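Asks: Input structure: structure22.cif, which contains mmCIF, N, CA and C atoms and all ligand atoms.
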data_model
loop_
_atom_site.label_atom_id
_atom_site.label_comp_id
_atom_site.auth_asym_id
_atom_site.auth_seq_id
_atom_site.Cartn_x
_atom_site.Cartn_y
_atom_site.Cartn_z
N MET G 909 139.89 82.51 121.42
CA MET G 909 138.98 83.39 120.68
C MET G 909 138.13 82.59 119.71
N CYS G 910 137.10 83.24 119.21
CA CYS G 910 136.17 82.54 118.33
C CYS G 910 136.86 82.13 117.03
N PRO G 911 136.83 80.84 116.67
CA PRO G 911 137.49 80.37 115.45
C PRO G 911 136.86 80.91 114.17
N TYR G 912 135.63 81.35 114.26
CA TYR G 912 134.95 81.92 113.09
C TYR G 912 135.22 83.41 112.96
N CYS G 913 134.98 84.17 114.05
CA CYS G 913 135.17 85.62 114.01
C CYS G 913 136.64 85.99 114.02
N LYS G 914 137.41 85.28 114.86
CA LYS G 914 138.81 85.59 115.15
C LYS G 914 138.91 86.94 115.85
N GLU G 915 138.66 88.04 115.15
CA GLU G 915 138.69 89.33 115.83
C GLU G 915 137.81 90.35 115.14
N HIS G 916 137.41 91.36 115.91
CA HIS G 916 136.63 92.47 115.38
C HIS G 916 137.42 93.75 115.65
N ASP G 917 137.73 94.49 114.60
CA ASP G 917 138.44 95.76 114.75
C ASP G 917 139.71 95.62 115.58
N GLY G 918 140.43 94.50 115.37
CA GLY G 918 141.69 94.29 116.06
C GLY G 918 141.57 93.71 117.45
N LYS G 919 140.33 93.56 117.93
CA LYS G 919 140.16 92.97 119.27
C LYS G 919 139.67 91.54 119.12
N PRO G 920 140.30 90.60 119.83
CA PRO G 920 139.87 89.21 119.71
C PRO G 920 138.43 89.01 120.18
N CYS G 921 137.69 88.19 119.42
CA CYS G 921 136.32 87.87 119.82
C CYS G 921 136.41 86.66 120.74
N THR G 922 136.34 86.91 122.03
CA THR G 922 136.57 85.84 123.00
C THR G 922 135.35 84.93 123.14
N VAL G 923 135.63 83.69 123.51
CA VAL G 923 134.56 82.72 123.73
C VAL G 923 134.46 82.46 125.23
N THR G 924 133.26 82.56 125.75
CA THR G 924 133.07 82.33 127.17
C THR G 924 132.14 81.15 127.39
N GLU G 925 132.39 80.44 128.49
CA GLU G 925 131.56 79.29 128.82
C GLU G 925 130.48 79.72 129.79
N LYS G 926 129.26 79.39 129.47
CA LYS G 926 128.13 79.75 130.32
C LYS G 926 127.99 78.71 131.44
N PRO G 927 127.31 79.08 132.53
CA PRO G 927 127.13 78.14 133.65
C PRO G 927 126.50 76.81 133.22
N ASN G 928 125.68 76.84 132.17
CA ASN G 928 125.05 75.60 131.71
C ASN G 928 125.93 74.79 130.77
N GLY G 929 127.20 75.22 130.58
CA GLY G 929 128.14 74.46 129.76
C GLY G 929 128.19 74.89 128.31
N ARG G 930 127.26 75.73 127.90
CA ARG G 930 127.24 76.25 126.54
C ARG G 930 128.35 77.27 126.35
N LEU G 931 128.91 77.32 125.16
CA LEU G 931 129.94 78.32 124.87
C LEU G 931 129.40 79.31 123.86
N LEU G 932 129.70 80.58 124.12
CA LEU G 932 129.16 81.66 123.29
C LEU G 932 130.28 82.64 122.99
N CYS G 933 130.39 83.05 121.71
CA CYS G 933 131.43 84.02 121.39
C CYS G 933 130.94 85.43 121.72
N ALA G 934 131.89 86.34 121.89
CA ALA G 934 131.61 87.66 122.48
C ALA G 934 130.52 88.43 121.75
N CYS G 935 130.45 88.33 120.43
CA CYS G 935 129.45 89.10 119.70
C CYS G 935 128.12 88.35 119.62
N GLY G 936 128.10 87.09 120.05
CA GLY G 936 126.85 86.34 120.07
C GLY G 936 126.49 85.68 118.76
N LYS G 937 127.37 85.75 117.77
CA LYS G 937 127.06 85.18 116.46
C LYS G 937 127.16 83.66 116.47
N HIS G 938 128.07 83.14 117.30
CA HIS G 938 128.32 81.71 117.29
C HIS G 938 128.20 81.13 118.69
N SER G 939 127.71 79.91 118.76
CA SER G 939 127.63 79.22 120.05
C SER G 939 127.82 77.73 119.83
N TRP G 940 128.24 77.06 120.88
CA TRP G 940 128.49 75.62 120.84
C TRP G 940 127.82 74.98 122.04
N PRO G 941 127.28 73.78 121.88
CA PRO G 941 126.57 73.13 122.99
C PRO G 941 127.47 72.73 124.14
N ASN G 942 128.76 72.48 123.88
CA ASN G 942 129.70 72.15 124.96
C ASN G 942 131.12 72.35 124.49
N SER G 943 132.08 72.25 125.44
CA SER G 943 133.48 72.55 125.11
C SER G 943 134.07 71.53 124.14
N GLY G 944 133.56 70.28 124.18
CA GLY G 944 134.06 69.26 123.27
C GLY G 944 133.80 69.64 121.82
N VAL G 945 132.60 70.12 121.56
CA VAL G 945 132.22 70.53 120.20
C VAL G 945 133.04 71.75 119.79
N PHE G 946 133.25 72.66 120.74
CA PHE G 946 134.03 73.86 120.45
C PHE G 946 135.46 73.50 120.06
N LEU G 947 136.09 72.61 120.84
CA LEU G 947 137.46 72.22 120.56
C LEU G 947 137.56 71.52 119.21
N GLU G 948 136.55 70.70 118.90
CA GLU G 948 136.54 70.01 117.61
C GLU G 948 136.45 71.02 116.47
N THR G 949 135.65 72.06 116.67
CA THR G 949 135.51 73.11 115.66
C THR G 949 136.84 73.82 115.45
N CYS G 950 137.50 74.17 116.56
CA CYS G 950 138.80 74.83 116.48
C CYS G 950 139.80 73.97 115.72
N ARG G 951 139.80 72.67 116.07
CA ARG G 951 140.74 71.76 115.46
C ARG G 951 140.50 71.66 113.96
N ARG G 952 139.25 71.51 113.58
CA ARG G 952 138.92 71.38 112.17
C ARG G 952 139.27 72.64 111.40
N LEU G 953 138.95 73.79 111.97
CA LEU G 953 139.22 75.05 111.27
C LEU G 953 140.72 75.30 111.17
N SER G 954 141.47 74.90 112.21
CA SER G 954 142.91 75.15 112.21
C SER G 954 143.58 74.34 111.11
N LEU G 955 142.97 73.21 110.72
CA LEU G 955 143.54 72.40 109.67
C LEU G 955 143.40 73.07 108.31
N THR G 956 142.41 73.93 108.19
CA THR G 956 142.15 74.56 106.91
C THR G 956 142.83 75.92 106.79
N VAL G 957 143.29 76.47 107.92
CA VAL G 957 143.93 77.77 107.90
C VAL G 957 145.42 77.58 107.64
N THR G 958 145.94 78.22 106.62
CA THR G 958 147.35 78.07 106.29
C THR G 958 148.19 78.98 107.17
N GLY G 959 149.39 78.52 107.48
CA GLY G 959 150.30 79.33 108.27
C GLY G 959 150.05 79.27 109.76
N GLN G 960 149.07 78.43 110.18
CA GLN G 960 148.80 78.32 111.60
C GLN G 960 149.43 77.05 112.15
N VAL G 961 150.02 77.14 113.32
CA VAL G 961 150.65 75.98 113.92
C VAL G 961 149.58 74.98 114.35
N HIS G 962 149.76 73.74 113.97
CA HIS G 962 148.76 72.72 114.27
C HIS G 962 148.96 72.13 115.65
N THR G 963 148.75 72.96 116.65
CA THR G 963 148.94 72.48 118.02
C THR G 963 147.92 71.42 118.40
N TRP G 964 146.74 71.48 117.80
CA TRP G 964 145.68 70.54 118.17
C TRP G 964 146.05 69.12 117.75
N THR G 965 146.58 68.98 116.52
CA THR G 965 146.87 67.64 116.03
C THR G 965 148.11 67.06 116.71
N GLN G 966 149.04 67.94 117.09
CA GLN G 966 150.28 67.46 117.69
C GLN G 966 150.05 66.82 119.05
N SER G 967 149.02 67.28 119.74
CA SER G 967 148.77 66.79 121.09
C SER G 967 148.12 65.42 121.10
N PHE G 968 147.68 64.93 119.93
CA PHE G 968 147.02 63.62 119.91
C PHE G 968 147.98 62.53 119.46
ZN ZN G 1001 132.02 84.17 116.65
ZN ZN G 1002 132.54 87.77 116.98
#
Written as structure tokens, how would this file's structure read?
Ligand SMILES: [Zn+2]
Ligand SMILES: [Zn+2]
Replies:
Amino acid sequence: MCPYCKEHDGKPCTVTEKPNGRLLCACGKHSWPNSGVFLETCRRLSLTVTGQVHTWTQSF
């Protein structure tokens, strides 16, 4: 789901990858040029969110 929106009205704001490689969140507020940038965003945001398991950092 979108690391910025997280959810709207209890429903997760999903991120979909477009055929051209761009990623766009369900409400259209956020987009990323490619999956690498998206994953980096998730990783960075997860470091700042308390109480969230740091799965991103553990895998490196
Ligand atoms: Zn979003
Ligand atoms: Zn959204």
Asks: Find the residues around Cys950 (chain G) up to 9 Å (only C-alpha atoms counted), leave out those fewer than 3 positions away in its own chain, and share them as a ChimeraX atom specification.
Replies: /G:910-912,945-947,953-955,964
Asks: Return as CSV the residues of chain G lying at most 8 Å from ligand ZN 1001 (chain G), together with the closest atom-to-atom pair for each and the distance in Å to one decimal, counting all atoms listed in the file, with rows in chain order and ascending residue number.
Replies:
residue,atom,partner,partner_atom,distance
G:Met909,C,G:ZN1001,ZN,7.0
G:Cys910,CA,G:ZN1001,ZN,4.8
G:Pro911,N,G:ZN1001,ZN,5.9
G:Tyr912,C,G:ZN1001,ZN,4.9
G:Cys913,N,G:ZN1001,ZN,3.9
G:Lys914,N,G:ZN1001,ZN,5.8
G:Glu915,N,G:ZN1001,ZN,7.8
G:Cys921,C,G:ZN1001,ZN,6.5
G:Thr922,C,G:ZN1001,ZN,7.3
G:Val923,CA,G:ZN1001,ZN,7.7
G:Leu932,C,G:ZN1001,ZN,6.8
G:Cys933,CA,G:ZN1001,ZN,4.8
G:Ala934,N,G:ZN1001,ZN,5.7
G:Cys935,N,G:ZN1001,ZN,5.8
G:Gly936,N,G:ZN1001,ZN,6.0
G:Lys937,C,G:ZN1001,ZN,4.9
G:His938,N,G:ZN1001,ZN,4.1
G:Ser939,N,G:ZN1001,ZN,6.4
Asks: If I take atom C of Leu931 (chain G) and atom C of Gly944 (chain G), how far is one from the other in Å, to one decimal?
Replies: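 Pair atom C of Leu931 (chain G) / atom C of Gly944 (chain G) returns 10.8 Å.
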Asks: Grab the CA of Asp917 (chain G) to atom ZN of ligand ZN 1002 (chain G) distance for me, in Å with one decimal place.
Replies: 10.2 Å
Asks: Write down as a PyMOL selection string the residues of region 917-964 of chain G whose backbone DSSP state falls under alpha helix (DSSP H).
Replies: chain G and resi 943-956+963-964
Asks: At what distance in Å, to one decimal, does atom ZN of ligand ZN 1002 (chain G) lie from atom C of His916 (chain G)?
Replies: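 It comes out at 7.8 Å.
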